[in-house]
$ cat coords.cif   # mmCIF, C-alpha atoms
data_run
#
loop_
_atom_site.label_atom_id
_atom_site.label_comp_id
_atom_site.auth_asym_id
_atom_site.auth_seq_id
_atom_site.Cartn_x
_atom_site.Cartn_y
_atom_site.Cartn_z
CA SER B 228 11.76 -40.85 0.89
CA GLN B 229 11.18 -37.25 0.00
CA ALA B 230 8.99 -34.70 1.70
CA HIS B 231 6.44 -32.63 -0.20
CA TYR B 232 5.97 -28.97 0.52
CA LYS B 233 2.90 -27.12 -0.74
CA ARG B 234 2.85 -23.58 -2.01
CA MET B 235 0.04 -21.72 -0.33
CA TYR B 236 -1.96 -18.84 -1.79
CA PRO B 237 -4.25 -16.67 0.40
CA PRO B 238 -7.84 -15.73 -0.51
CA THR B 239 -7.95 -13.01 -3.16
CA SER B 240 -11.46 -11.83 -2.38
CA CYS B 241 -13.98 -11.90 0.43
CA GLY B 242 -15.74 -14.75 -1.34
CA GLY B 243 -12.77 -17.09 -0.87
CA ALA B 244 -10.06 -18.46 -3.13
CA SER B 245 -10.42 -17.86 -6.86
CA ALA B 246 -10.85 -20.70 -9.34
CA ASN B 247 -7.45 -19.95 -10.84
CA GLN B 248 -5.56 -20.40 -7.60
CA LYS B 249 -3.32 -23.43 -7.62
CA GLN B 250 -1.34 -25.67 -5.35
CA GLN B 251 2.10 -26.85 -6.36
CA GLN B 252 4.43 -29.32 -4.73
CA HIS B 253 8.20 -29.42 -4.75
CA ASP B 254 10.40 -32.29 -3.68
CA PHE B 255 13.35 -31.65 -1.42
CA PRO B 256 15.53 -34.17 0.41
CA THR B 257 14.64 -34.74 4.03
CA THR B 258 18.20 -33.68 4.84
CA VAL B 259 16.94 -30.10 4.51
CA GLY B 260 16.52 -30.25 8.28
CA SER B 261 20.31 -30.11 8.59
CA ALA B 262 20.73 -26.99 6.44
CA ASP B 263 22.14 -23.65 7.54
CA VAL B 264 19.21 -21.23 7.41
CA ALA B 265 19.59 -17.49 6.84
CA ILE B 266 16.75 -14.98 7.00
CA PHE B 267 16.91 -11.78 4.95
CA TRP B 268 14.08 -9.31 5.62
CA ASP B 269 13.25 -6.35 3.37
CA LEU B 270 11.41 -4.22 5.92
CA GLU B 271 10.60 -1.63 3.28
CA ASN B 272 8.49 -4.24 1.51
CA VAL B 273 7.05 -6.32 4.34
CA ARG B 274 6.23 -4.48 7.54
CA ILE B 275 4.86 -5.63 10.88
CA PRO B 276 1.14 -4.76 11.13
CA ALA B 277 0.10 -2.42 13.92
CA TRP B 278 -1.99 -5.17 15.49
CA CYS B 279 0.94 -7.59 15.80
CA PRO B 280 3.60 -7.32 18.55
CA THR B 281 7.18 -7.47 17.27
CA ILE B 282 8.03 -10.50 19.40
CA THR B 283 5.04 -12.35 17.94
CA ALA B 284 6.27 -11.65 14.41
CA SER B 285 9.78 -12.82 15.28
CA GLU B 286 8.47 -16.00 16.90
CA GLY B 287 6.20 -16.62 13.92
CA ILE B 288 9.14 -16.48 11.54
CA ARG B 289 11.23 -18.80 13.71
CA ASN B 290 8.43 -21.32 14.11
CA LYS B 291 7.86 -21.51 10.36
CA VAL B 292 11.47 -21.91 9.23
CA ALA B 293 13.19 -23.74 12.11
CA LYS B 294 12.18 -27.15 10.73
CA TYR B 295 14.35 -26.53 7.66
CA GLY B 296 17.56 -26.42 9.67
CA ARG B 297 19.66 -24.36 12.06
CA ILE B 298 19.05 -20.60 11.89
CA VAL B 299 22.50 -19.05 11.65
CA GLU B 300 21.69 -15.55 10.40
CA LYS B 301 18.79 -13.11 10.77
CA ARG B 302 19.29 -9.84 8.92
CA LEU B 303 16.83 -6.97 8.52
CA TYR B 304 17.38 -4.24 5.90
CA TYR B 305 15.97 -0.73 6.15
CA ASP B 306 16.86 2.94 5.70
CA SER B 307 16.75 4.62 9.09
CA ARG B 308 16.54 8.09 7.52
CA GLN B 309 13.30 7.39 5.66
CA PRO B 310 10.27 8.94 7.40
CA SER B 311 8.43 5.62 7.14
CA GLU B 312 11.11 4.02 9.33
CA TYR B 313 11.09 6.53 12.18
CA THR B 314 8.65 4.36 14.11
CA ALA B 315 10.27 1.03 13.19
CA PRO B 316 10.56 -1.17 16.31
CA ARG B 317 14.34 -1.31 16.13
CA THR B 318 14.91 -2.12 19.79
CA GLU B 319 12.46 -5.02 19.76
CA LEU B 320 13.89 -6.38 16.51
CA ASP B 321 17.42 -6.12 17.86
CA LEU B 322 16.44 -7.94 21.05
CA SER B 323 14.78 -10.60 18.89
CA GLY B 324 18.16 -11.46 17.40
CA PHE B 325 18.02 -9.58 14.11
CA THR B 326 21.07 -7.79 12.77
CA LEU B 327 19.82 -4.38 11.65
CA VAL B 328 21.41 -3.35 8.36
CA ASP B 329 21.00 0.36 7.66
CA CYS B 330 20.87 1.08 3.91
CA PRO B 331 21.22 4.82 3.15
CA THR B 332 19.78 5.50 -0.29
CA ARG B 333 22.41 8.12 -1.18
CA ASN B 334 19.87 9.55 -3.67
CA ARG B 335 19.96 6.29 -5.61
CA LYS B 336 17.28 3.70 -6.21
CA GLU B 337 17.42 0.08 -5.09
CA THR B 338 20.34 0.54 -2.69
CA LEU B 339 18.67 -1.75 -0.17
CA ASP B 340 17.88 -4.41 -2.79
CA LYS B 341 21.46 -4.56 -4.02
CA LYS B 342 22.95 -4.83 -0.54
CA LEU B 343 20.52 -7.59 0.40
CA ILE B 344 21.21 -9.57 -2.79
CA VAL B 345 24.98 -9.36 -2.27
CA ASP B 346 24.63 -10.65 1.30
CA VAL B 347 22.36 -13.51 0.15
CA LEU B 348 24.80 -14.59 -2.54
CA CYS B 349 27.77 -14.37 -0.18
CA PHE B 350 25.96 -16.60 2.31
CA ALA B 351 25.02 -19.12 -0.37
CA TRP B 352 28.47 -19.17 -1.98
CA GLU B 353 30.25 -19.67 1.34
CA ARG B 354 28.06 -22.72 2.11
CA ALA B 355 28.35 -24.11 -1.40
CA SER B 356 32.15 -23.80 -1.35
CA ARG B 357 32.36 -26.20 1.59
CA GLY B 358 29.55 -28.51 0.50
CA ALA B 359 27.10 -27.49 3.22
CA LYS B 360 23.33 -27.43 2.82
CA ALA B 361 21.89 -23.92 2.65
CA CYS B 362 18.39 -22.50 3.00
CA VAL B 363 17.64 -18.84 2.22
CA VAL B 364 14.49 -17.25 3.67
CA LEU B 365 13.59 -14.03 1.89
CA ILE B 366 10.91 -11.80 3.45
CA THR B 367 9.75 -9.55 0.63
CA SER B 368 7.17 -9.10 -2.11
CA ASP B 369 9.52 -7.48 -4.62
CA GLY B 370 9.79 -9.27 -7.96
CA ASP B 371 13.29 -7.86 -8.48
CA TYR B 372 14.62 -10.68 -6.30
CA SER B 373 13.24 -13.41 -8.55
CA TYR B 374 16.38 -13.79 -10.69
CA ALA B 375 18.57 -14.21 -7.62
CA LEU B 376 16.18 -16.85 -6.27
CA ALA B 377 16.24 -18.76 -9.53
CA ARG B 378 20.05 -18.80 -9.58
CA LEU B 379 20.19 -19.90 -5.94
CA ARG B 380 18.02 -22.89 -6.78
CA ASP B 381 20.32 -23.70 -9.69
CA ILE B 382 23.19 -24.29 -7.27
CA GLY B 383 21.09 -26.33 -4.85
CA VAL B 384 20.07 -23.70 -2.32
CA PHE B 385 16.59 -24.24 -0.87
CA THR B 386 14.57 -21.01 -1.03
CA ILE B 387 11.61 -19.77 1.00
CA VAL B 388 9.71 -16.54 0.35
CA ILE B 389 7.49 -14.89 2.96
CA TYR B 390 5.38 -12.31 1.16
CA ARG B 391 2.58 -9.77 1.50
CA PRO B 392 -0.32 -11.15 -0.54
CA ASP B 393 -1.68 -7.73 -1.50
CA ILE B 394 1.45 -6.61 -3.37
CA VAL B 395 3.43 -9.75 -4.21
CA ALA B 396 4.88 -10.22 -7.68
CA LYS B 397 3.86 -13.59 -9.16
CA VAL B 398 7.31 -14.11 -10.66
CA LEU B 399 8.77 -14.02 -7.15
CA ILE B 400 6.44 -16.80 -5.99
CA ASP B 401 7.19 -18.90 -9.06
CA ASN B 402 10.93 -18.90 -8.38
CA ALA B 403 10.82 -20.12 -4.77
CA ASN B 404 10.69 -23.66 -3.42
CA VAL B 405 8.22 -22.70 -0.68
CA VAL B 406 6.09 -19.58 -0.25
CA MET B 407 4.21 -18.37 2.82
CA SER B 408 1.82 -15.49 3.35
CA TRP B 409 3.18 -13.03 5.90
CA GLU B 410 -0.16 -12.17 7.48
CA TYR B 411 -1.93 -15.52 7.19
CA ASP B 412 0.76 -18.21 7.49
CA VAL B 413 3.36 -16.51 9.69
CA LEU B 414 1.34 -14.12 11.86
CA GLY B 415 -1.79 -16.27 12.03
CA GLY B 416 -4.16 -13.69 10.54
CA ARG B 417 -5.55 -10.43 11.83
CA PRO B 418 -7.39 -10.88 15.16
CA ARG B 419 -11.17 -10.74 14.81
CA VAL B 420 -12.95 -8.27 17.07
CA GLU B 421 -16.69 -8.69 17.49
CA ASP B 422 -18.85 -6.08 19.17
CA GLU B 423 -21.32 -8.05 21.30
CA GLU B 424 -23.52 -4.99 21.86
CA GLU B 425 -24.45 -4.73 18.18
CA PRO B 426 -26.48 -7.32 16.26
CA ARG B 427 -24.48 -9.55 13.99
CA ASP B 428 -24.95 -9.05 10.24
CA ASP B 429 -24.71 -12.50 8.63
CA SER B 430 -24.61 -10.97 5.17
CA VAL B 431 -20.97 -9.90 5.62
CA ASP B 432 -19.69 -13.17 7.07
CA SER B 433 -17.96 -14.10 3.83
CA CYS B 434 -15.91 -10.91 3.84
CA HIS B 435 -14.91 -11.40 7.49
CA SER B 436 -13.65 -14.87 6.65
CA ALA B 437 -10.86 -13.39 4.55
CA GLU B 438 -9.37 -11.98 7.75
CA SER B 439 -9.91 -15.05 9.93
CA LYS B 440 -7.26 -17.38 11.30
CA GLU B 441 -8.27 -20.23 9.04
CA PRO B 442 -5.22 -22.02 7.56
CA LEU B 443 -4.52 -21.56 3.87
CA VAL B 444 -4.67 -24.51 1.56
#
$ encode --input "coords.cif" --output "structure tokens"
Amino acid sequence: SQAHYKRMYPPTSCGGASANQKQQQHDFPTTVGSADVAIFWDLENVRIPAWCPTITASEGIRNKVAKYGRIVEKRLYYDSRQPSEYTAPRTELDLSGFTLVDCPTRNRKETLDKKLIVDVLCFAWERASRGAKACVVLITSDGDYSYALARLRDIGVFTIVIYRPDIVAKVLIDNANVVMSWEYDVLGGRPRVEDEEEPRDDSVDSCHSAESKEPLV
């Protein structure tokens, strides 16, 4: 038999999911559980929220993708000289098993993207050359990776995208076998903090629900 995996889309407004949101299913052999899994994380595009400990994010990723096979690579791409990366939790990420790949821009655009794509294709080609199952997990929201994902699927590589719902490119989602929301599916949603000293305003409950830990369907 074959297993069915649903694409999941997070709420797009405080009123809940829009009428145009859809669910799609893709078939993949149950032997996916024996695949070599590699995680490639574009930190520039998908960052760890301030409210989430680094170890929690790492565990969340592992818990979501481990069922697809044996995790053999975990690579994180960033430019250490960018001001936005000065506070990146490098030590925690390193201790969580990620290989930190520094990508100096050298005054050129898309240096990080190109290095990540080359590493993804090298991983996939090496597995394909010896007939091994491969699963690529891409943590990004950048639509520039969509062509690479489509070509990976053409050669039988199972693809998973973990994305930020507020900035994701639809074409990226359309070219993956499975998609997961970074904040909702992987991290479990932003913690809700209620002030018991103030009266509760029921009129804003619908907006709060967009940040709850309810599972996406």
$ closest_atom_pairs --input "coords.cif" --of "region 263-346 of chain B" --to "region 359-366 of chain B" --cutoff "12 Å" --atoms "only C-alpha atoms" --output "JSON lines"
{"residue": "B:Asp263", "atom": "CA", "partner": "B:Ala361", "partner_atom": "CA", "distance": 4.9}
{"residue": "B:Val264", "atom": "CA", "partner": "B:Cys362", "partner_atom": "CA", "distance": 4.7}
{"residue": "B:Ala265", "atom": "CA", "partner": "B:Val363", "partner_atom": "CA", "distance": 5.2}
{"residue": "B:Ile266", "atom": "CA", "partner": "B:Val364", "partner_atom": "CA", "distance": 4.6}
{"residue": "B:Phe267", "atom": "CA", "partner": "B:Leu365", "partner_atom": "CA", "distance": 5.0}
{"residue": "B:Trp268", "atom": "CA", "partner": "B:Ile366", "partner_atom": "CA", "distance": 4.6}
{"residue": "B:Asp269", "atom": "CA", "partner": "B:Ile366", "partner_atom": "CA", "distance": 5.9}
{"residue": "B:Leu270", "atom": "CA", "partner": "B:Ile366", "partner_atom": "CA", "distance": 8.0}
{"residue": "B:Glu271", "atom": "CA", "partner": "B:Ile366", "partner_atom": "CA", "distance": 10.2}
{"residue": "B:Asn272", "atom": "CA", "partner": "B:Ile366", "partner_atom": "CA", "distance": 8.2}
{"residue": "B:Val273", "atom": "CA", "partner": "B:Ile366", "partner_atom": "CA", "distance": 6.8}
{"residue": "B:Arg274", "atom": "CA", "partner": "B:Ile366", "partner_atom": "CA", "distance": 9.6}
{"residue": "B:Ile275", "atom": "CA", "partner": "B:Ile366", "partner_atom": "CA", "distance": 11.4}
{"residue": "B:Ala284", "atom": "CA", "partner": "B:Ile366", "partner_atom": "CA", "distance": 11.9}
{"residue": "B:Ser285", "atom": "CA", "partner": "B:Ile366", "partner_atom": "CA", "distance": 11.9}
{"residue": "B:Ile288", "atom": "CA", "partner": "B:Ile366", "partner_atom": "CA", "distance": 9.5}
{"residue": "B:Arg289", "atom": "CA", "partner": "B:Val364", "partner_atom": "CA", "distance": 10.7}
{"residue": "B:Lys291", "atom": "CA", "partner": "B:Val364", "partner_atom": "CA", "distance": 10.3}
{"residue": "B:Val292", "atom": "CA", "partner": "B:Val364", "partner_atom": "CA", "distance": 7.9}
{"residue": "B:Ala293", "atom": "CA", "partner": "B:Cys362", "partner_atom": "CA", "distance": 10.6}
{"residue": "B:Lys294", "atom": "CA", "partner": "B:Cys362", "partner_atom": "CA", "distance": 11.0}
{"residue": "B:Tyr295", "atom": "CA", "partner": "B:Cys362", "partner_atom": "CA", "distance": 7.4}
{"residue": "B:Gly296", "atom": "CA", "partner": "B:Cys362", "partner_atom": "CA", "distance": 7.8}
{"residue": "B:Arg297", "atom": "CA", "partner": "B:Cys362", "partner_atom": "CA", "distance": 9.3}
{"residue": "B:Ile298", "atom": "CA", "partner": "B:Cys362", "partner_atom": "CA", "distance": 9.1}
{"residue": "B:Val299", "atom": "CA", "partner": "B:Cys362", "partner_atom": "CA", "distance": 10.2}
{"residue": "B:Glu300", "atom": "CA", "partner": "B:Val363", "partner_atom": "CA", "distance": 9.7}
{"residue": "B:Lys301", "atom": "CA", "partner": "B:Val364", "partner_atom": "CA", "distance": 9.3}
{"residue": "B:Arg302", "atom": "CA", "partner": "B:Leu365", "partner_atom": "CA", "distance": 10.0}
{"residue": "B:Leu303", "atom": "CA", "partner": "B:Ile366", "partner_atom": "CA", "distance": 9.2}
{"residue": "B:Tyr304", "atom": "CA", "partner": "B:Ile366", "partner_atom": "CA", "distance": 10.2}
{"residue": "B:Asp340", "atom": "CA", "partner": "B:Leu365", "partner_atom": "CA", "distance": 11.5}
{"residue": "B:Leu343", "atom": "CA", "partner": "B:Leu365", "partner_atom": "CA", "distance": 9.6}
{"residue": "B:Ile344", "atom": "CA", "partner": "B:Leu365", "partner_atom": "CA", "distance": 10.0}
{"residue": "B:Asp346", "atom": "CA", "partner": "B:Val363", "partner_atom": "CA", "distance": 10.8}
$ atom_distance --input "coords.cif" --atom1 "CA of Glu286 (chain B)" --atom2 "CA of Gly324 (chain B)"
10.7 Å
$ residues_around --input "coords.cif" --residues "Val345 (chain B)" --least-positions-apart "5" --cutoff "12 Å" --atoms "all atoms listed in the file" --output "list in words"
Phe267, Thr338, Leu339, Asp340, Phe350, Ala351, Trp352, Tyr372 and Ala375 of chain B
$ write_last_selection --input "coords.cif" --atoms "C-alpha atoms" --output "CSV table (one decimal), keeping the file's coordinate frame"
chain,number,residue,atom,x,y,z
B,267,PHE,CA,16.9,-11.8,5.0
B,338,THR,CA,20.3,0.5,-2.7
B,339,LEU,CA,18.7,-1.8,-0.2
B,340,ASP,CA,17.9,-4.4,-2.8
B,350,PHE,CA,26.0,-16.6,2.3
B,351,ALA,CA,25.0,-19.1,-0.4
B,352,TRP,CA,28.5,-19.2,-2.0
B,372,TYR,CA,14.6,-10.7,-6.3
B,375,ALA,CA,18.6,-14.2,-7.6
$ axis_aligned_box --input "coords.cif" --around "region 350-359 of chain B" --padding-each-side "6 Å" --output "lines of an AutoDock Vina configuration file"
center_x = 28.7
center_y = -22.6
center_z = 0.6
size_x = 19.3
size_y = 23.9
size_z = 17.2
$ closest_residue --input "coords.cif" --among "B:Val384, B:Leu327, B:Asp371, B:Glu319" --to "Glu353 (chain B)" --atoms "all atoms listed in the file"
B:Val384
$ atom_distance --input "coords.cif" --atom1 "CA of Ser373 (chain B)" --atom2 "CA of Ile387 (chain B)"
11.6 Å
$ resolve_selection --input "coords.cif" --expression "the PyMOL selection byres ((chain B and resi 404) around 6)" --output "PyMOL selection string"
chain B and resi 386-387+403+405
$ write_last_selection --input "coords.cif" --atoms "C-alpha atoms" --output "compact mmCIF listing (two decimals), keeping the file's coordinate frame"
# COMPACT_ATOMS: atom_id res chain seq x y z
CA THR B 386 14.57 -21.01 -1.03
CA ILE B 387 11.61 -19.77 1.00
CA ALA B 403 10.82 -20.12 -4.77
CA VAL B 405 8.22 -22.70 -0.68
$ resolve_selection --input "coords.cif" --expression "the PyMOL selection byres ((chain B and resi 397) around 12)" --output "list of chain:residue names"
B:Tyr236, B:Gln248, B:Ser368, B:Asp369, B:Gly370, B:Asp371, B:Tyr372, B:Ser373, B:Val388, B:Tyr390, B:Arg391, B:Pro392, B:Asp393, B:Ile394, B:Val395, B:Ala396, B:Val398, B:Leu399, B:Ile400, B:Asp401, B:Asn402, B:Ala403, B:Val406
$ atom_distance --input "coords.cif" --atom1 "CA of Cys330 (chain B)" --atom2 "CA of Tyr305 (chain B)"
5.7 Å
